[in-house]
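Peer 1: Quick one: this structure, given as C-alpha cells, is what I'll be asking you about.
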Amino acid sequence: MQLKLTTAMLCISLWQVAAAAVAPQLKLDEYYSYEGMRDYLAELARVYGERVTLRSAGLSHEQRMLQTITISNGDGRKDKPVIFMIAAEHAREWLTPVAALYAIEQLVVNFEQNAQLLLDHDWLIMPLTNPDGYTYSREVNARWRNTRSPNGNGCYGTNLNRNYDIAWGKAEGYPELQDPCSEHYAGASPFSEAESRAVRDIMLELQLTEREFMFLTLHSRHQSFFYPWTYKTELAPNAALLKKVATYAVDALHAATGCNYTEEQPSVNADPFGGTSMDYAQELGFKLSYTFELTGWSGKEYVDFWPPTRLLKQLAAESWIGIRALAEGAEKFVPAQSDSLVKIFKILLLLVSMTLFSS
Ligand SMILES: *[C@@H]1O[C@H](CO)[C@@H](O)[C@H](O)[C@H]1NC(C)=O
C-alpha cells in the first residue's frame with residue numbers, strides 16, 4: 001500500500017515536470033525585467049526548438065543583449081517573406097514588450113490556432129529594443145524614454161525613433177531634436193546608437209535576401225495605426241494599400257472589443273519629423289510599414305504608459321487582435337509576388353514539357 005502510494009506520487013510529479021517542459025507559462029500578472037524576458041524566451045526555444053530560433057542582434061550601450069526570436073512553422077522553407085516586429089524603442093512604453101511577448105506566445109504556443117499566420121511568412125521579433133532605457137525606467141525613473149548613452153554635460157540618452165538615417169534631424173516644429181538633454185534628442189549622428197544599428201542591420205539583411213515584407217514597431221499610447229510618412233506630408237507611393245490594411249485592423253479591433261482605434265499618416269495631423277524606424281523601413285522597400293500605437297485606456301480608466309498589472313492580460317490580448325489583423329490584412333491585400341507567379345509559370349512549363357516528352 002505504501003509502495004503504491006509512492007509510485008502514484010512519483011507519476012504525478014513526473015507528469016508535472018513533463019507538463020512544465022511542454023508549455024512555458026508567460027506571466028501576465030507582472031512586468032518582466034530584461035532578465036526575466038530572456039529566461040522566458042530561452043525556455044520557449046528549449047521546448048519549441050523546431051520552430052523557434054533565438055539570436056543576438058548585438059549589444060546595447062550597457063552591454064545587454066538585443067535578442068530576437070524568429071518564429072516559423074517548421075516546414076523548412078528558408079525564403080519566406082518576414083514580418084519584422086520590434087517593441088520598446090521608447091523605454092517607458094511598458095505595455096509594448098508585454099504585447100510583443102503575448103504575440104510570441106500566440107505564434108509559438110498557440111501555434112495551431114494561428115497556423116495561417118505562419119504559412120507564408122516567418123516572424124522576426126525583437127521584444128525589447130531599448131533594454132538599457134527600459135531597465136532605467138523600471139528602476140529609477142518611470143518616465144524615461146531614451147537610450148542610456150552619455151551626451152556630455154550630465155545628459156544621457158538618444159530617442160531611438162529619431163535616430164534612423166531618414167531625414168535625420170529634420171524637425172521644423174521640434175528644435176528639441178537637437179537638444180542632448182531632451183527626450184526628443186535625435187542623437188549625435190544618424191545611427192549613433194547601438195540599438196538602432198542592430199534594428200537597421202536586420203532590415204538590411206531582410207532586404208538583401210528579398211524577404212522584407214512588413215515592418216511593425218509597437219509604441220503607446222495613441223490607440224492608432226500610423227503609416228508613412230512621418231517626415232513629410234506627401235503620400236507614400238503605396239498609401240492606398242497602407243490605409244486599407246490599417247483600416248482592416250481598426251475594423252477587427254472595433255468588432256472584437258468595441259474600442260475605436262484610428263489609422264493615420266502622422267505628418268498630416270502634426271508637424272513632420274525625421275529619423276523614425278517606420279519611415280526607414282518604408283524607404284528600404286518593406287511592402288508595408290507601421291507604427292502600432294497601443295492604447296492608454298481600459299474602458300474609461302486612463303492607464304497612460306503603465307497599465308496596472310491586473311490589466312496586462314486584457315490589454316495584451318487587445319493588442320494582439322490588432323497585430324494579428326495587420327498580418328491578416330497584409331495577406332489579404334498585398335498583391336502576390338510577381339516572382340512567385342513566374343515560379344508557378346516555370347513549374348507549369350516543366351510539367352507540360354515532361355508530359356510531351358513522355359508521350
Ligand atoms: C466608437 O465610435 C462610435 C462611433 O463614433 C461611438 O458610437 C462609440 O461610442 C465609440 N466607442 C467608444 C468605446 O468610444
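Within each chain, counting starts at residue 1; across the C-alpha cells, chains are named A, B, ... in the order shown, with ligands numbered 1 upward in that order.
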Residues within 10 Å of A:Ile104, please, as a list in words. Count only C-alpha atoms; anything in the same chain fewer than 6 positions from it doesn't count.
Peer 2: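 The filter keeps Leu26, Leu41, Leu44, Val52, Ile69, Thr70, Ile71, Val98, Asn110, Phe111, Trp123, Leu124, Ile125, Pro127 and Trp320 of chain A.
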Peer 1: Taking only C-alpha atoms and all ligand atoms into account, which residues are within 7 Å of ligand 1, as a list in words?
Peer 2: Gly258, Cys259, Asn260 and Gly299 of chain A
Peer 1: Enumerate, as a list in words, the complete set of residues in stretch 19-105 of chain A that a backbone-based DSSP assignment places in helix (DSSP H, G or I).
Peer 2: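 Selection result, helix (DSSP H, G or I) within stretch 19-105 of chain A: Ala19, Ala20, Ala21, Val22, Tyr34, Glu35, Gly36, Met37, Arg38, Asp39, Tyr40, Leu41, Ala42, Glu43, Leu44, Ala45, Arg46, Val47, Leu95, Thr96, Pro97, Val98, Ala99, Ala100, Leu101, Tyr102, Ala103, Ile104 and Glu105 of chain A.
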Peer 1: Neighbouring residues of A:Arg143 were defined as those with any atom within 10 Å, considering only C-alpha atoms; residues of the same chain fewer than 5 positions away were excluded. Please report them as a list in words.
Peer 2: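 Answer for this query is His90, Ala91, Arg92, Glu93, Gly133, Tyr134, Tyr136, Ser137, Arg138, Glu183, Phe305 and Trp306 of chain A.
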Peer 1: At a cut-off of 8 Å, using only C-alpha atoms, what residues contact A:Cys155? Leave out same-chain residues fewer than 4 positions from it and give the result as a list in words.
Peer 2: Pro150, Asn151, Pro180 and Cys181 of chain A
Peer 1: Generate the output file for the selected residues, N, CA and C atoms, as a compact mmCIF listing (two decimals), in the first residue's frame.
Peer 2:
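Everything below was put into part37.txt:
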# COMPACT_ATOMS: atom_id res chain seq x y z
N PRO A 150 25.81 58.37 -22.99
CA PRO A 150 26.06 59.74 -22.48
C PRO A 150 26.22 60.76 -23.61
N ASN A 151 25.69 61.96 -23.36
CA ASN A 151 25.78 63.06 -24.35
C ASN A 151 26.66 64.20 -23.86
N PRO A 180 20.70 67.73 -26.60
CA PRO A 180 21.19 66.48 -25.98
C PRO A 180 20.59 66.22 -24.60
N CYS A 181 19.91 67.20 -24.03
CA CYS A 181 19.30 66.97 -22.72
C CYS A 181 17.79 66.73 -22.83
Peer 1: As a PDB file with N, CA and C atoms, in the first residue's frame, please: the residues near A:Ser72 (cut-off 9 Å, only C-alpha atoms, same-chain neighbours under 4 positions excluded).
Peer 2:
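Contents of the output file out-v1.pdb:
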ATOM      1  N   GLU A  50      12.164  23.385 -32.771  1.00  0.00           N
ATOM      2  CA  GLU A  50      11.974  23.118 -34.214  1.00  0.00           C
ATOM      3  C   GLU A  50      11.291  24.279 -34.937  1.00  0.00           C
ATOM      4  N   ARG A  51      10.695  25.207 -34.165  1.00  0.00           N
ATOM      5  CA  ARG A  51      10.009  26.342 -34.814  1.00  0.00           C
ATOM      6  C   ARG A  51      10.546  27.705 -34.382  1.00  0.00           C
ATOM      7  N   VAL A  52      11.467  27.685 -33.430  1.00  0.00           N
ATOM      8  CA  VAL A  52      11.910  28.940 -32.821  1.00  0.00           C
ATOM      9  C   VAL A  52      13.433  29.038 -32.859  1.00  0.00           C
ATOM     10  N   THR A  53      13.946  30.194 -33.271  1.00  0.00           N
ATOM     11  CA  THR A  53      15.392  30.449 -33.212  1.00  0.00           C
ATOM     12  C   THR A  53      15.648  31.751 -32.476  1.00  0.00           C
ATOM     13  N   GLY A  76      10.632  24.150 -42.961  1.00  0.00           N
ATOM     14  CA  GLY A  76      11.959  24.119 -43.568  1.00  0.00           C
ATOM     15  C   GLY A  76      12.178  25.125 -44.682  1.00  0.00           C
ATOM     16  N   ARG A  77      11.123  25.827 -45.112  1.00  0.00           N
ATOM     17  CA  ARG A  77      11.307  26.834 -46.172  1.00  0.00           C
ATOM     18  C   ARG A  77      12.103  28.022 -45.644  1.00  0.00           C
ATOM     19  N   LEU A 107       1.957  32.848 -31.348  1.00  0.00           N
ATOM     20  CA  LEU A 107       2.519  32.248 -32.566  1.00  0.00           C
ATOM     21  C   LEU A 107       3.254  30.937 -32.283  1.00  0.00           C
ATOM     22  N   VAL A 108       3.781  30.794 -31.064  1.00  0.00           N
ATOM     23  CA  VAL A 108       4.582  29.607 -30.755  1.00  0.00           C
ATOM     24  C   VAL A 108       3.755  28.566 -30.004  1.00  0.00           C
ATOM     25  N   LEU A 118       1.579  31.780 -40.178  1.00  0.00           N
ATOM     26  CA  LEU A 118       2.956  31.306 -40.374  1.00  0.00           C
ATOM     27  C   LEU A 118       3.096  30.463 -41.634  1.00  0.00           C
ATOM     28  N   LEU A 119       2.016  30.376 -42.400  1.00  0.00           N
ATOM     29  CA  LEU A 119       2.041  29.532 -43.595  1.00  0.00           C
ATOM     30  C   LEU A 119       2.982  30.108 -44.651  1.00  0.00           C
ATOM     31  N   HIS A 121       4.660  33.258 -44.144  1.00  0.00           N
ATOM     32  CA  HIS A 121       5.564  34.259 -43.575  1.00  0.00           C
ATOM     33  C   HIS A 121       6.250  33.717 -42.339  1.00  0.00           C
ATOM     34  N   ASP A 122       7.501  34.131 -42.141  1.00  0.00           N
ATOM     35  CA  ASP A 122       8.148  33.958 -40.843  1.00  0.00           C
ATOM     36  C   ASP A 122       7.997  35.272 -40.078  1.00  0.00           C
ATOM     37  N   TRP A 123       8.050  35.165 -38.758  1.00  0.00           N
ATOM     38  CA  TRP A 123       8.009  36.362 -37.910  1.00  0.00           C
ATOM     39  C   TRP A 123       9.355  36.513 -37.216  1.00  0.00           C
ATOM     40  N   LEU A 124       9.861  37.719 -37.218  1.00  0.00           N
ATOM     41  CA  LEU A 124      11.117  38.016 -36.519  1.00  0.00           C
ATOM     42  C   LEU A 124      10.794  39.142 -35.532  1.00  0.00           C
TER      43      LEU A 124
END
Peer 1: For A:Gly285, work out the shell of residues within 8 Å, counting only C-alpha atoms and skipping chain neighbours fewer than 3 positions away, then give it as a tab-separated table (two decimals) with C-alpha atoms, in the first residue's frame.
Peer 2:
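Printed below is out.tsv as written:
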chain	number	residue	atom	x	y	z
A	207	GLN	CA	16.26	43.42	-47.87
A	212	GLU	CA	11.36	42.44	-46.37
A	281	ALA	CA	11.74	50.54	-43.31
A	282	GLN	CA	9.37	52.10	-45.84
Peer 1: List every residue of stretch 54-222 of chain A that DSSP, applied to the backbone of this structure, places in strand (DSSP E), and write the result as a ChimeraX atom specification.
Peer 2: /A:54-59,65-71,82-87,122-126,150-152,155-156,212-220
Peer 1: Compare A:Val109, A:Leu128, A:Ala186, A:Leu350 by their minimum atom-to-atom distance to A:Thr68, counting only C-alpha atoms, and give me the closest one.
Peer 2: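 Among the listed residues, A:Leu128 lies closest to A:Thr68.
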Peer 1: When you look at stretch 223-236 of chain A with a cut-off of 8 Å (counting only C-alpha atoms), what residues show up, excluding the ones that are within fewer than 3 positions of it in the same chain? I need them as an NGL selection string.
Peer 2: :A and (167 or 170 or 220 or 239 or 242-243 or 246 or 250 or 260-268 or 272-276 or 278-279 or 282 or 289-296)
Peer 1: Tell me, in Å to one decimal, how far atom CA of A:Ala270 is from atom CA of A:Gly169.
Peer 2: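 Separation of atom CA of A:Ala270 and atom CA of A:Gly169: 16.3 Å.
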Peer 1: Counting only C-alpha atoms, which residue out of A:Gly74, A:Ala100, A:Glu112, A:Phe215 sits closest to A:Leu284?
Peer 2: A:Phe215
Peer 1: For atom CA of A:Trp297 and atom CA of A:Leu311, quote the distance in Å rounded to one decimal.
Peer 2: 10.0 Å
